[in-house]
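Engineer: One structure, as structure tokens, below. Some questions next.
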Amino acid sequence: MPKILIVGGGYAGFYTAKKLEKWLGRNEAQVTMVDPLPYLTYQPFLPEVAAGSIEPRHAVVSHRRHLKRTRVINARVTYVNHAEKTATITPELGEPWQETYDIVVMTAGAVSRTFPIPGVADNAIGLKNIEEAIAVRDRIIKNFELAANLPEGSEEKKRLLTFVVVGGGFAGIEAFAEMRSLASSLVRQFPTISFEETHFHLIEAMGRIMPEVSLETSKWVIKSLDQRGATIHLDTQLSSAVDGRIELSTGESFEADTIVWTAGVMANPMIRNTDLPIEERGRLRANAALQIVNDEGPVADAWTAGDVAAVPDLTGAGVGGFCVPNAQHAVRQAKLLAKNITASLRGEDPKEYFHKSLGAVAGLGLYNGVYQWRKIAIKGFVAWIMHRGYHGLAIPMWERKIRVFGNWIMNFLLRRDTVQLSTRIAPRAAFEEFASRPKA
Ligand SMILES: Cc1cc2nc3c(=O)[nH]c(=O)nc-3n(C[C@H](O)[C@H](O)[C@H](O)COP(=O)(O)OP(=O)(O)OC[C@H]3O[C@@H](n4cnc5c(N)ncnc54)[C@H](O)[C@@H]3O)c2cc1C
């Protein structure tokens, strides 16, 4: 049986495996998927996790529960030698080993892209994985708890209640709006904190936010956030964040305890540890049939999809001619990829990827959202319902969809849960404090 190795079990990798299970006969191929994480992260829900609107576990999808015929390995792929058709698998515990394969599928996604701005690496946090979203949520609530005991107007209180998001793309604006929404609802629970004492700053280097929507719609979003007590700094760069002291290119500076970095992503640098061709922006070179290509044409038995790949956008709408890195493309590419691999195993020709954007929909905190498709824009409550409807159904697997909708219904009836469990980081502290020890 040919052995298929999938590197990365995110949106693209998980769906490729799931669909290969569907299209391939039992004895047609053996599929192995490697990912250090035991779950797929539904990243569009990270802003809502950070806002406490979705329970963290409900925004991820277990690999082992839903991939019945795929061999799942929890480890990191640290090298791919495609000339030899081997991959080095490095587990968290135990020795690395070489895995041989016949076909490789590269779906290792993207990571946060940062710039060497002083203080960012040490003080900021990204919003690409579930742990980061949980940490942002806990930090907002914890900061309220700490600030509640401090005198009005104190510098420390101001710092604790100042939140910064860097990057005004879709993910950044969603995160910013959701964080603001959580803070606004927390104010009601803290009599010693007024709304005016909470400060939210979004820093965007360009002269506009959300390039996926029209300029007019983006202005509406800015106005809506402004009305909710959030400040958007356009044409502004973060110059320094050392020890939480924010310095902007405009000369403005202030202290902030929470800095969320959402200023773009880049293809997972792990692909540099392969002998596969990489284009100038650091993604795997691919053709529209999702085959990895070099100057001579397709590299035999090497496929890719999702954020790690530079897949030509045949609709002509893509930035620089390539599909933009989003879940809309990742899931559709993965489904076609599984079909193409199945076709190639059966001696048939692969098909080319062609997908016209369904538009962009964003949640902007409770009861507010925005949707744009070509010149059509829907704003406010209706767009928020569309956002929840679309993503609630888009998260893979029915058991997850039901959990997420259940979450939203419970929160509507009982309001969002604002308990933070940051003490989980030191779970033994209470036991250790009172534990009796043998005498010296
Ligand atoms: C906050 C946020 C909001 C978003 N909102 C939207 C939205 O509203 N709509 C939309 O269409 N898109 C949205 N996106 C983008 C979308 O989530 C991504 O485009 C999509 O997840 C890409 O899928 P992928 O499979 O390529 O990568 P990922 O889903 O990132 O999966 C990559 C996988 O590879 C694994 N991996 C990494 N390194 C290795 C290694 N060395 N070995 C093995 N495995 C490895 C990772 O653990 C991960 O599981 C959002 C993204 C973010 C961050």
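Note on naming: chains are A, B, ... as they come in the structure tokens, residues start from 1 per chain, ligands start from 1 in the order shown.
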Give me the residues within 6 Å of Ala12 (chain A) as a list in words, counting only C-alpha atoms and dropping any in the same chain fewer than 6 places off.

Structural biologist: Thr107, Gly306, Ala330, Val331 and Ala334 of chain A

Engineer: Could you pull the residues within 10 Å of Ala394 (chain A), counting only C-alpha atoms, minus those fewer than 4 positions along the same chain, as number ranges by chain?

Structural biologist: A: 42, 44, 327-328, 331, 388-390, 398, 400-401

Engineer: Looking at only C-alpha atoms and all ligand atoms, which of A:Asn340, A:Asn287, A:Ser357, A:Ser422 is the one that sits closest to ligand 1?

Structural biologist: A:Ser357

Engineer: Neighbours of ligand 1 within 6 Å, counting only C-alpha atoms and all ligand atoms, as a ChimeraX atom specification?

Structural biologist: /A:7-13,34-37,40,43-44,46-47,76-78,107-110,127-128,171,270,306-308,325-328,330

Engineer: Next, dump the selected residues to file, keeping only N, CA, C and O atoms, as a compact mmCIF listing (two decimals), in the first residue's frame.

Structural biologist:
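Result saved to result_26.txt:
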```txt
# COMPACT_ATOMS: atom_id res chain seq x y z
N VAL A 7 1.70 16.40 6.84
CA VAL A 7 2.49 17.16 7.83
C VAL A 7 1.65 18.35 8.30
O VAL A 7 1.53 19.35 7.61
N GLY A 8 1.04 18.22 9.47
CA GLY A 8 0.20 19.29 10.02
C GLY A 8 -1.26 18.91 9.97
O GLY A 8 -1.79 18.62 8.90
N GLY A 9 -1.91 18.93 11.13
CA GLY A 9 -3.33 18.54 11.21
C GLY A 9 -4.22 19.72 11.55
O GLY A 9 -5.13 19.62 12.39
N GLY A 10 -3.97 20.86 10.91
CA GLY A 10 -4.86 22.02 11.08
C GLY A 10 -6.03 21.88 10.12
O GLY A 10 -6.42 20.77 9.75
N TYR A 11 -6.53 23.02 9.71
CA TYR A 11 -7.71 22.99 8.85
C TYR A 11 -7.46 22.18 7.57
O TYR A 11 -8.23 21.28 7.22
N ALA A 12 -6.36 22.49 6.89
CA ALA A 12 -6.07 21.81 5.61
C ALA A 12 -5.71 20.35 5.83
O ALA A 12 -6.20 19.46 5.13
N GLY A 13 -4.84 20.07 6.80
CA GLY A 13 -4.38 18.69 7.03
C GLY A 13 -5.50 17.79 7.51
O GLY A 13 -5.66 16.65 7.02
N VAL A 34 0.76 13.82 11.02
CA VAL A 34 1.64 14.18 12.14
C VAL A 34 1.37 15.62 12.55
O VAL A 34 1.37 16.52 11.71
N ASP A 35 1.16 15.84 13.81
CA ASP A 35 0.97 17.20 14.35
C ASP A 35 1.33 17.15 15.82
O ASP A 35 0.92 16.22 16.52
N PRO A 36 2.07 18.14 16.32
CA PRO A 36 2.36 18.11 17.76
C PRO A 36 1.10 18.28 18.61
O PRO A 36 1.06 17.83 19.76
N LEU A 37 0.07 18.91 18.04
CA LEU A 37 -1.17 19.11 18.78
C LEU A 37 -2.14 17.97 18.52
O LEU A 37 -2.20 17.46 17.40
N LEU A 40 -7.33 20.04 15.90
CA LEU A 40 -7.37 21.14 14.92
C LEU A 40 -7.88 22.36 15.68
O LEU A 40 -8.82 22.24 16.47
N GLN A 43 -9.40 28.55 14.14
CA GLN A 43 -8.87 29.88 14.46
C GLN A 43 -9.88 31.03 14.36
O GLN A 43 -9.79 31.99 15.12
N PRO A 44 -10.85 30.98 13.44
CA PRO A 44 -11.83 32.07 13.42
C PRO A 44 -12.56 32.26 14.76
O PRO A 44 -13.13 33.32 15.00
N LEU A 46 -10.98 32.15 17.71
CA LEU A 46 -10.07 32.60 18.77
C LEU A 46 -10.49 33.94 19.38
O LEU A 46 -10.45 34.09 20.60
N PRO A 47 -10.93 34.92 18.55
CA PRO A 47 -11.38 36.17 19.18
C PRO A 47 -12.55 35.95 20.16
O PRO A 47 -12.60 36.57 21.22
N ARG A 76 6.41 16.48 16.13
CA ARG A 76 6.74 17.54 15.18
C ARG A 76 7.50 16.92 14.01
O ARG A 76 8.35 16.05 14.23
N VAL A 77 7.20 17.33 12.81
CA VAL A 77 8.05 16.92 11.68
C VAL A 77 9.18 17.94 11.62
O VAL A 77 8.93 19.14 11.47
N THR A 78 10.38 17.49 11.78
CA THR A 78 11.50 18.45 11.86
C THR A 78 12.35 18.45 10.59
O THR A 78 13.18 19.33 10.40
N THR A 107 0.99 20.61 5.03
CA THR A 107 -0.11 21.48 5.48
C THR A 107 0.23 22.02 6.87
O THR A 107 -0.58 21.95 7.79
N ALA A 108 1.45 22.55 7.01
CA ALA A 108 1.91 23.00 8.34
C ALA A 108 1.48 24.43 8.67
O ALA A 108 1.89 24.98 9.70
N GLY A 109 0.65 25.05 7.84
CA GLY A 109 0.03 26.33 8.18
C GLY A 109 0.98 27.51 8.28
O GLY A 109 2.03 27.55 7.62
N ALA A 110 0.59 28.47 9.10
CA ALA A 110 1.35 29.71 9.23
C ALA A 110 1.58 30.01 10.71
O ALA A 110 0.94 29.44 11.59
N LEU A 127 -2.20 35.65 18.52
CA LEU A 127 -3.55 35.07 18.61
C LEU A 127 -3.71 34.06 17.48
O LEU A 127 -4.52 34.23 16.58
N LYS A 128 -2.87 33.02 17.54
CA LYS A 128 -2.89 31.98 16.51
C LYS A 128 -3.26 30.63 17.10
O LYS A 128 -3.55 29.69 16.37
N ALA A 171 -8.38 39.56 11.55
CA ALA A 171 -8.21 38.90 12.84
C ALA A 171 -7.99 39.93 13.95
O ALA A 171 -8.54 39.80 15.04
N MET A 270 9.06 25.88 9.29
CA MET A 270 9.54 24.48 9.26
C MET A 270 9.78 24.00 7.83
O MET A 270 10.57 23.09 7.58
N GLY A 306 -3.45 25.22 1.97
CA GLY A 306 -3.59 26.07 3.16
C GLY A 306 -2.57 27.19 3.21
O GLY A 306 -1.96 27.57 2.21
N ASP A 307 -2.37 27.70 4.42
CA ASP A 307 -1.55 28.90 4.61
C ASP A 307 -0.08 28.73 4.26
O ASP A 307 0.63 29.71 4.04
N VAL A 308 0.39 27.49 4.23
CA VAL A 308 1.81 27.25 3.97
C VAL A 308 2.14 27.32 2.47
O VAL A 308 3.30 27.39 2.08
N PRO A 325 -4.33 33.71 2.62
CA PRO A 325 -4.35 32.66 3.65
C PRO A 325 -5.60 32.75 4.52
O PRO A 325 -5.65 33.54 5.45
N ASN A 326 -6.62 32.00 4.17
CA ASN A 326 -7.78 31.95 5.07
C ASN A 326 -8.42 30.56 5.06
O ASN A 326 -8.09 29.70 4.24
N ALA A 327 -9.32 30.39 6.01
CA ALA A 327 -9.94 29.08 6.20
C ALA A 327 -10.83 28.72 5.02
O ALA A 327 -10.97 27.54 4.67
N GLN A 328 -11.43 29.74 4.42
CA GLN A 328 -12.29 29.52 3.26
C GLN A 328 -11.53 28.74 2.18
O GLN A 328 -12.06 27.81 1.58
N ALA A 330 -8.46 27.17 2.73
CA ALA A 330 -7.80 25.96 3.29
C ALA A 330 -8.73 24.75 3.21
O ALA A 330 -8.32 23.67 2.77
```

Engineer: Return as a list in words the full set of residues in region 219-268 of chain A whose backbone-based DSSP assignment is helix (DSSP H, G or I).

Structural biologist: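 These are the residues in question: Lys219, Trp220, Val221, Ile222, Lys223, Ser224, Leu225, Asp226, Gln227, Val242, Asp243 and Gly244 of chain A.
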
Engineer: Between A:Glu131, A:Glu196, A:Glu145, A:Glu279, which one has atoms that come closest to Val419 (chain A), using only C-alpha atoms?

Structural biologist: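 Ranked by minimum distance to Val419 (chain A), first place goes to A:Glu145.
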